[in-house]
Structure formats: structure tokens, C-alpha cells
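*Asks:* Take this structure first; my questions come after.
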Amino acid sequence: MGIGRYDMPTESSRMTKPAADILMVAALAVLLLAAGCGRDVVPQSPSFIYKTDSNGTVAWITSLDTGMQDSASTIIETSDGDYLVAASVSDNPHGFIVHQTFPRFLRIDSAGHVRWDQVLNSTHDTVNYSSAGGATTVLEKNDGNLLGGSSCGWIFSFSPEGMVKNISSLDNRGISAIATQDGGILIVGDKTMKFDAAGNLTWEAPLMRSTRAFQTSDGRFLLDHDMGRNDTVHGISCLSRNGSTLWTYELDRWDVKPETSFYESSPGVVDFTYSGMIWDRDATKEASMTKQLTFNPQGQMIGKKNLSAAGPLIRTPDGGYVFVSIPLGERGQFTSDYSKDTVLHIVKLSADGSTVWDKPLTPSGFYYPISIIPTRDGGYVALVGLDVLRVG
């Protein structure tokens with residue numbers, strides 16, 4: 001079921017922006033992964049949006065399948081209750097070889113209807129997008145305009161209606177970004193870079209391969225990152241408003257890169273959760289585990305707990321947890337091994353880790369969770385992929 005529209009804005013719609021906006025677009029171009037540019041391997045994994053109510057009951061499902069080789073990377077909710085998706089699509093319909101990959105951005109309304117679907121494809125515009133790679137991130141600015149990034153160093157500035165206003169390309173590596181309390185942006189990747197509201201670089205910190213950032217109510221930044229020794233050694237660091245390192249904590253090893261999240265449980269006190277197939281003698285090989293560490297502002301760990309959870313996880317206002325994963329029989333455990341033909345579940349845990357509800361989300365198949373976010377109406381949105389190459 002394809003919904004992709006390939007109608008592009010005209011070249012005349014790319015109006016010159018004030019210098020501050022252009023600087024901000026250029027600054028955000030470091031969100032991109034420089035490796036594999038232009039000919040990324042896009043998995044044949046059509047994506048779906050599952051919207052649920054506050055009890056995990058599915059309200060609607062929207063397919064993002066173009067009928068080509070495509071996948072989605074992330075989803076956010078906008079200030080007016082719409083959803084923005086960063087995705088990728090290849091012009092190879094078969095999905096078995098490396099081929100040209102293009103960025104794709106979608107806006108979905110609160111009822112699951114597609115407002116617009118932009119595939120930035122050189123076939124349908126005068127700009128050559130063949131070296132852009134797939135889309136990896138999307139942000140909403142304070143003025144309602146949008147910024148999207150691709151895997152090969154391109155940044156696109158959009159109007160809320162999806163019209164491309166500016167394009168910038170920088171050779172840098174990055175993973176994600178957050179808006180900061182002062183109206184600026186913090187970008188994390190091979191470096192951690194802070195830009196002010198005008199797009200000027202104010203400081204940078206050479207942390208290794210950061211993947212997620214969070215700003216506390218008192219202005220500090222927390223980041224998870226590679227410790228620089230090997231892929232299984234990870235840590236979290238706390239930076240001041242000015243980018244100086246306040247403290248660092250090294251985490252346990254794991255078999256696969258974990259899902260991580262930050263949550264400020266009280267002013268200055270932060271819970272860090274990470275889940276995956278962790279090297280833990282108390283965990284079974286096939287089961288995954290989520291660990292939660294609680295830190296005070298000085299970096300002292302003041303709490304630690306294990307949760308029977310796996311996959312993308314978010315915190316709820318009551319201190320509980322919601323995640324999407326695969327249950328392991330009747331053992332109350334979950335797994336990050338998505339190579340199984342099974343049903344994804346959405347699960348709510350209370351603050352003490354006990355199950356509040358556990359509901360099937362997808363039909364049976366080779367589905368895997370990409371991300372989950374809370375919504376303004378108290379429900380949840382899960383972005384889910386389907387590994388078509390395993391089907392049949």
C-alpha cells in the first residue's frame with residue numbers, strides 16, 4: 001500500500017533566507033553520517049505508524065510503504081499535534097543490491113492521514129540529490145519551520161507545508177540533535193557541537209561517537225557515547241552549559257548497541273536507561289534486559305535497578321515505562337532479537353517495574369520497533385518496520 005507522492009517544489013520556491021537561518025541550516029548539516037553516501041544500503045523494510053491510546057489500544061495504523069525499497073528512521077510530534085517522519089527510499093525496486101538512495105520526509109496529521117510526502121529525488125527536481133543519502137533526522141524549529149538531515153551531510157530547511165527553502169551540504173559526521181533552552185541547538189556525533197539561536201558555533205567537545213543528548217532543567221547536558229576503545233564499551237558524560245566535562249561514567253558491556261533514554265525524575269536528578277543483550281551473568285542469552293541508573297547533579301550514582309524490558313523505551317509522567325518489544329513465552333521477559341516471526345507488543349510497566357498492561361501491537365510477521373514517543377493526548381506512537389526479505 002503505497003502513499004508516496006513525488007511532487008517537488010519548484011526551484012523558484014527556494015528563497016534566500018536571512019543570514020541567521022542560513023547559518024543554522026549549515027550548522028545542522030553535521031547531523032549526517034559521511035560514510036556510505038549516495039549509495040546507502042536501504043533495507044527492504046516498509047514502515048508503519050501505530051497510534052495507540054493511553055492504554056495501548058491501537059487507534060489507527062498508517063503505512064509508509066512506497067512499493068520501492070524504503071525504510072524510516074525517526075518520528076517526532078509537532079507543536080500542533082502532527083507527526084514528522086525522516087525516511088529513505090531507493091530507486092531500485094528489487095531491494096537486493098546497493099542503489100541510489102534519496103531522503104524522504106513526511107508529515108502525518110493527528111488522525112493518521114498524510115499531509116505531504118516529499119521524496120527528494122533528482123528525477124523530479126532540478127537539484128541533483130543522488131549524493132544526499134537517506135534522511136536520518138527531522139526537527140521542528142520554534143517558528144514552525146522544519147529542518148531535516150540526510151546520511152551524507154545534507155540539511156534541508158522546509159516550510160511547515162513541506163516546501164524546500166534552503167539546502168546545505170557539509171562534510172561532517174553526526175547522529176542527532178536537540179533544541180536547547182536558550183533557543184540554540186546541540187548536535188551530537190563524532191563531536192558535540194553547540195550552536196546559538198543565530199547558528200553560530202559557541203563551543204564543541206570531542207566526545208567519541210555520541211548518539212543521544214538530553215538537557216536538564218538546570219541547563220546541564222547528558223550524552224551517551226562510545227568510550228573510544230571498542231564498540232562494546234560505552235559511557236555517559238555530563239557537560240556544563242559551556243561544554244566543559246563535569247563527570248563521566250562507564251557502562252557495562254553489551255552484545256549489541258542498546259536502546260537508551262534519559263529522564264529527569266526530579267530537579268537535577270536523571271535516570272538513564274539502556275536495554276539490549278547485556279553481558280550479565282544473571283540474564284539468559286536470548287533475553288534482553290533494561291538497566292536504569294540514577295545520578296545526582298554531582299555524578300554520583302544514587303540508584304540502580306533492572307527491568308524486564310527491551311527495545312525502544314520511554315518514561316511516563318507517573319514514573320513508569322512504555323516500550324515495544326517481543327515477549328519470550330510466559331517468562332515475563334522480552335528480547336531484542338527481531339529475527340523471529342512473531343507479534344510485537346506494547347507494554348506499560350509501573351515505576352517499580354511490574355506490568356500494568358501488555359498488548360499486541362502488530363500482526364504476526366518479521367516486525368521490529370524503530371522508535372516510540374508519547375503523544376499530547378496521553379497516548380503513544382510507535383514507528384515499526386517490517387523485514388520483507390525474511391517474509392517468505
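Simple scheme: letters A, B, ... for chains in C-alpha cells order, numbers from 1 for residues in each chain, numbers from 1 for ligands in the order shown.
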Would you list the contacts of Arg376 of chain A as a list in words, taking every protein, DNA or RNA residue within 9 Å and counting only C-alpha atoms, but skipping same-chain residues closer than 2 positions in sequence?

*Replies:* Glu77, Gly81, Pro374, Gly378, Gly379 and Tyr380 of chain A

*Asks:* So that I can see what lies close to Tyr338 of chain A, please list as a PyMOL selection string the residues with an atom at most 9 Å from it, counting only C-alpha atoms and leaving out residues fewer than 5 positions away in the same chain.

*Replies:* chain A and resi 325-326+366-369

*Asks:* Separation of atom CA of Leu207 of chain A and atom CA of Ile185 of chain A, in Å?

*Replies:* 16.8 Å

*Asks:* I need the residue nearest Asp190 of chain A from this list: A:Ile178, A:Leu293, A:Met227, A:Ala72. Use only C-alpha atoms for the distance.

*Replies:*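 Comparing A:Ile178, A:Leu293, A:Met227, A:Ala72 against Asp190 of chain A, the winner is A:Met227.
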
*Asks:* With distances taken over only C-alpha atoms, which of A:Gly189, A:Gly133, A:Gly67, A:Gly184 is nearest to Arg241 of chain A?

*Replies:* A:Gly184

*Asks:* One number please: atom CA of Leu349 of chain A to atom CA of Ile302 of chain A, in Å, one decimal.

*Replies:*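 A separation of 21.4 Å between them.
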
*Asks:* Determine the nearest neighbour of Ser150 of chain A from the options A:Ile108, A:Ala87, A:Ala197, A:Ala179, counting only C-alpha atoms.

*Replies:*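 Smallest separation from Ser150 of chain A among the options: A:Ala87.
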
*Asks:* Can you tell me, as a ChimeraX atom specification, what residues are no more than 12 Å from Gly56 of chain A when counting only C-alpha atoms, ignoring any on the same chain fewer than 3 positions away?

*Replies:* /A:50-53,59-60,322-324,345-349,356-362,372,374,378-382

*Asks:* Could you take the residues named above and write them with N, CA and C atoms, as an mmCIF file, in the first residue's frame?

*Replies:*
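What ended up in again.cif:
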```cif
data_model
loop_
_atom_site.group_PDB
_atom_site.id
_atom_site.type_symbol
_atom_site.label_atom_id
_atom_site.label_comp_id
_atom_site.auth_asym_id
_atom_site.auth_seq_id
_atom_site.Cartn_x
_atom_site.Cartn_y
_atom_site.Cartn_z
ATOM 1 N N TYR A 50 1.977 3.169 14.250
ATOM 2 C CA TYR A 50 0.897 2.654 15.094
ATOM 3 C C TYR A 50 0.592 3.692 16.167
ATOM 4 N N LYS A 51 -0.621 4.236 16.141
ATOM 5 C CA LYS A 51 -1.057 5.191 17.162
ATOM 6 C C LYS A 51 -1.953 4.462 18.158
ATOM 7 N N THR A 52 -1.641 4.600 19.449
ATOM 8 C CA THR A 52 -2.452 3.944 20.468
ATOM 9 C C THR A 52 -2.993 4.990 21.446
ATOM 10 N N ASP A 53 -3.992 4.573 22.215
ATOM 11 C CA ASP A 53 -4.464 5.430 23.295
ATOM 12 C C ASP A 53 -3.587 5.224 24.527
ATOM 13 N N ALA A 59 -5.368 2.825 17.838
ATOM 14 C CA ALA A 59 -6.407 3.716 17.318
ATOM 15 C C ALA A 59 -6.374 3.775 15.799
ATOM 16 N N TRP A 60 -5.179 3.823 15.221
ATOM 17 C CA TRP A 60 -5.044 3.814 13.771
ATOM 18 C C TRP A 60 -3.642 3.359 13.378
ATOM 19 N N VAL A 322 7.068 2.685 29.127
ATOM 20 C CA VAL A 322 6.364 2.068 27.998
ATOM 21 C C VAL A 322 7.411 1.687 26.964
ATOM 22 N N PHE A 323 7.309 0.483 26.424
ATOM 23 C CA PHE A 323 8.265 0.031 25.420
ATOM 24 C C PHE A 323 7.583 -0.893 24.428
ATOM 25 N N VAL A 324 8.254 -1.131 23.302
ATOM 26 C CA VAL A 324 7.768 -2.034 22.254
ATOM 27 C C VAL A 324 8.814 -3.116 22.043
ATOM 28 N N HIS A 345 4.730 -6.422 20.873
ATOM 29 C CA HIS A 345 3.826 -5.981 21.923
ATOM 30 C C HIS A 345 4.201 -4.575 22.369
ATOM 31 N N ILE A 346 3.216 -3.830 22.822
ATOM 32 C CA ILE A 346 3.457 -2.577 23.523
ATOM 33 C C ILE A 346 3.116 -2.819 24.984
ATOM 34 N N VAL A 347 4.035 -2.435 25.872
ATOM 35 C CA VAL A 347 3.940 -2.829 27.280
ATOM 36 C C VAL A 347 4.119 -1.607 28.170
ATOM 37 N N LYS A 348 3.290 -1.524 29.204
ATOM 38 C CA LYS A 348 3.432 -0.468 30.214
ATOM 39 C C LYS A 348 3.841 -1.116 31.535
ATOM 40 N N LEU A 349 4.918 -0.582 32.133
ATOM 41 C CA LEU A 349 5.365 -1.001 33.447
ATOM 42 C C LEU A 349 5.136 0.140 34.439
ATOM 43 N N VAL A 356 1.719 -3.208 34.042
ATOM 44 C CA VAL A 356 0.408 -2.569 34.137
ATOM 45 C C VAL A 356 -0.502 -3.100 33.036
ATOM 46 N N TRP A 357 -0.001 -3.108 31.803
ATOM 47 C CA TRP A 357 -0.702 -3.755 30.697
ATOM 48 C C TRP A 357 0.312 -4.195 29.647
ATOM 49 N N ASP A 358 -0.090 -5.193 28.866
ATOM 50 C CA ASP A 358 0.760 -5.788 27.833
ATOM 51 C C ASP A 358 -0.170 -6.165 26.688
ATOM 52 N N LYS A 359 -0.044 -5.469 25.543
ATOM 53 C CA LYS A 359 -0.984 -5.673 24.447
ATOM 54 C C LYS A 359 -0.265 -5.909 23.128
ATOM 55 N N PRO A 360 -0.804 -6.811 22.298
ATOM 56 C CA PRO A 360 -0.222 -6.997 20.963
ATOM 57 C C PRO A 360 -0.380 -5.738 20.134
ATOM 58 N N LEU A 361 0.652 -5.431 19.361
ATOM 59 C CA LEU A 361 0.633 -4.212 18.556
ATOM 60 C C LEU A 361 0.510 -4.520 17.073
ATOM 61 N N THR A 362 1.324 -5.432 16.574
ATOM 62 C CA THR A 362 1.348 -5.747 15.147
ATOM 63 C C THR A 362 0.751 -7.125 14.902
ATOM 64 N N ILE A 372 9.537 4.860 19.717
ATOM 65 C CA ILE A 372 8.239 5.116 20.325
ATOM 66 C C ILE A 372 8.307 6.476 20.989
ATOM 67 N N PRO A 374 5.764 9.530 23.275
ATOM 68 C CA PRO A 374 4.474 9.862 23.880
ATOM 69 C C PRO A 374 3.790 10.936 23.048
ATOM 70 N N GLY A 378 -1.965 11.875 25.552
ATOM 71 C CA GLY A 378 -1.737 10.853 26.568
ATOM 72 C C GLY A 378 -1.472 9.473 26.018
ATOM 73 N N GLY A 379 -1.528 9.320 24.692
ATOM 74 C CA GLY A 379 -1.264 8.025 24.074
ATOM 75 C C GLY A 379 0.180 7.891 23.618
ATOM 76 N N TYR A 380 0.377 7.025 22.630
ATOM 77 C CA TYR A 380 1.731 6.727 22.158
ATOM 78 C C TYR A 380 1.703 6.520 20.643
ATOM 79 N N VAL A 381 2.838 6.788 20.024
ATOM 80 C CA VAL A 381 3.042 6.471 18.614
ATOM 81 C C VAL A 381 4.291 5.614 18.501
ATOM 82 N N ALA A 382 4.155 4.471 17.852
ATOM 83 C CA ALA A 382 5.291 3.578 17.612
ATOM 84 C C ALA A 382 5.576 3.545 16.120
#
```

*Asks:* So, with only C-alpha atoms as the atoms that count, which of A:Thr260, A:Gln298, A:Ser131, A:Gln69 lies closest to Leu386 of chain A?

*Replies:*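 Looking only at the distances to Leu386 of chain A, the closest residue turns out to be A:Gln69.
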
*Asks:* Between A:Ser151, A:Ser168, A:Ser350, A:Thr216, single out the one closest to Val127 of chain A, counting only C-alpha atoms.

*Replies:*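 Answer, going by the shortest atom-to-atom distance: A:Ser168.
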
*Asks:* Per DSSP on the backbone, what are the strand (DSSP E or B) residues of segment 129-273 of chain A, as an MDAnalysis selection string?

*Replies:* chainID A and resid 135:140 146:150 154:158 164:169 174:179 185:189 192:195 201:205 210:215 221:226 234:239 245:250 254 259:266 269:273

*Asks:* Would you mind listing what lies within 10 Å of Asp218 of chain A as a ChimeraX atom specification, with only C-alpha atoms counted and same-chain residues fewer than 6 positions away left out?

*Replies:* /A:181,240-241,267-268,297

*Asks:* Record the distance separating atom CA of Gly144 of chain A and atom CA of Ile75 of chain A, expressed in Å with one decimal.

*Replies:*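 Taking atom CA of Gly144 of chain A and atom CA of Ile75 of chain A, their separation equals 16.2 Å.
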
*Asks:* Out of A:Trp203, A:Phe295, A:Tyr274, A:Tyr129, which residue has the shortest atom-to-atom distance to Trp247 of chain A when counting only C-alpha atoms?

*Replies:* A:Phe295
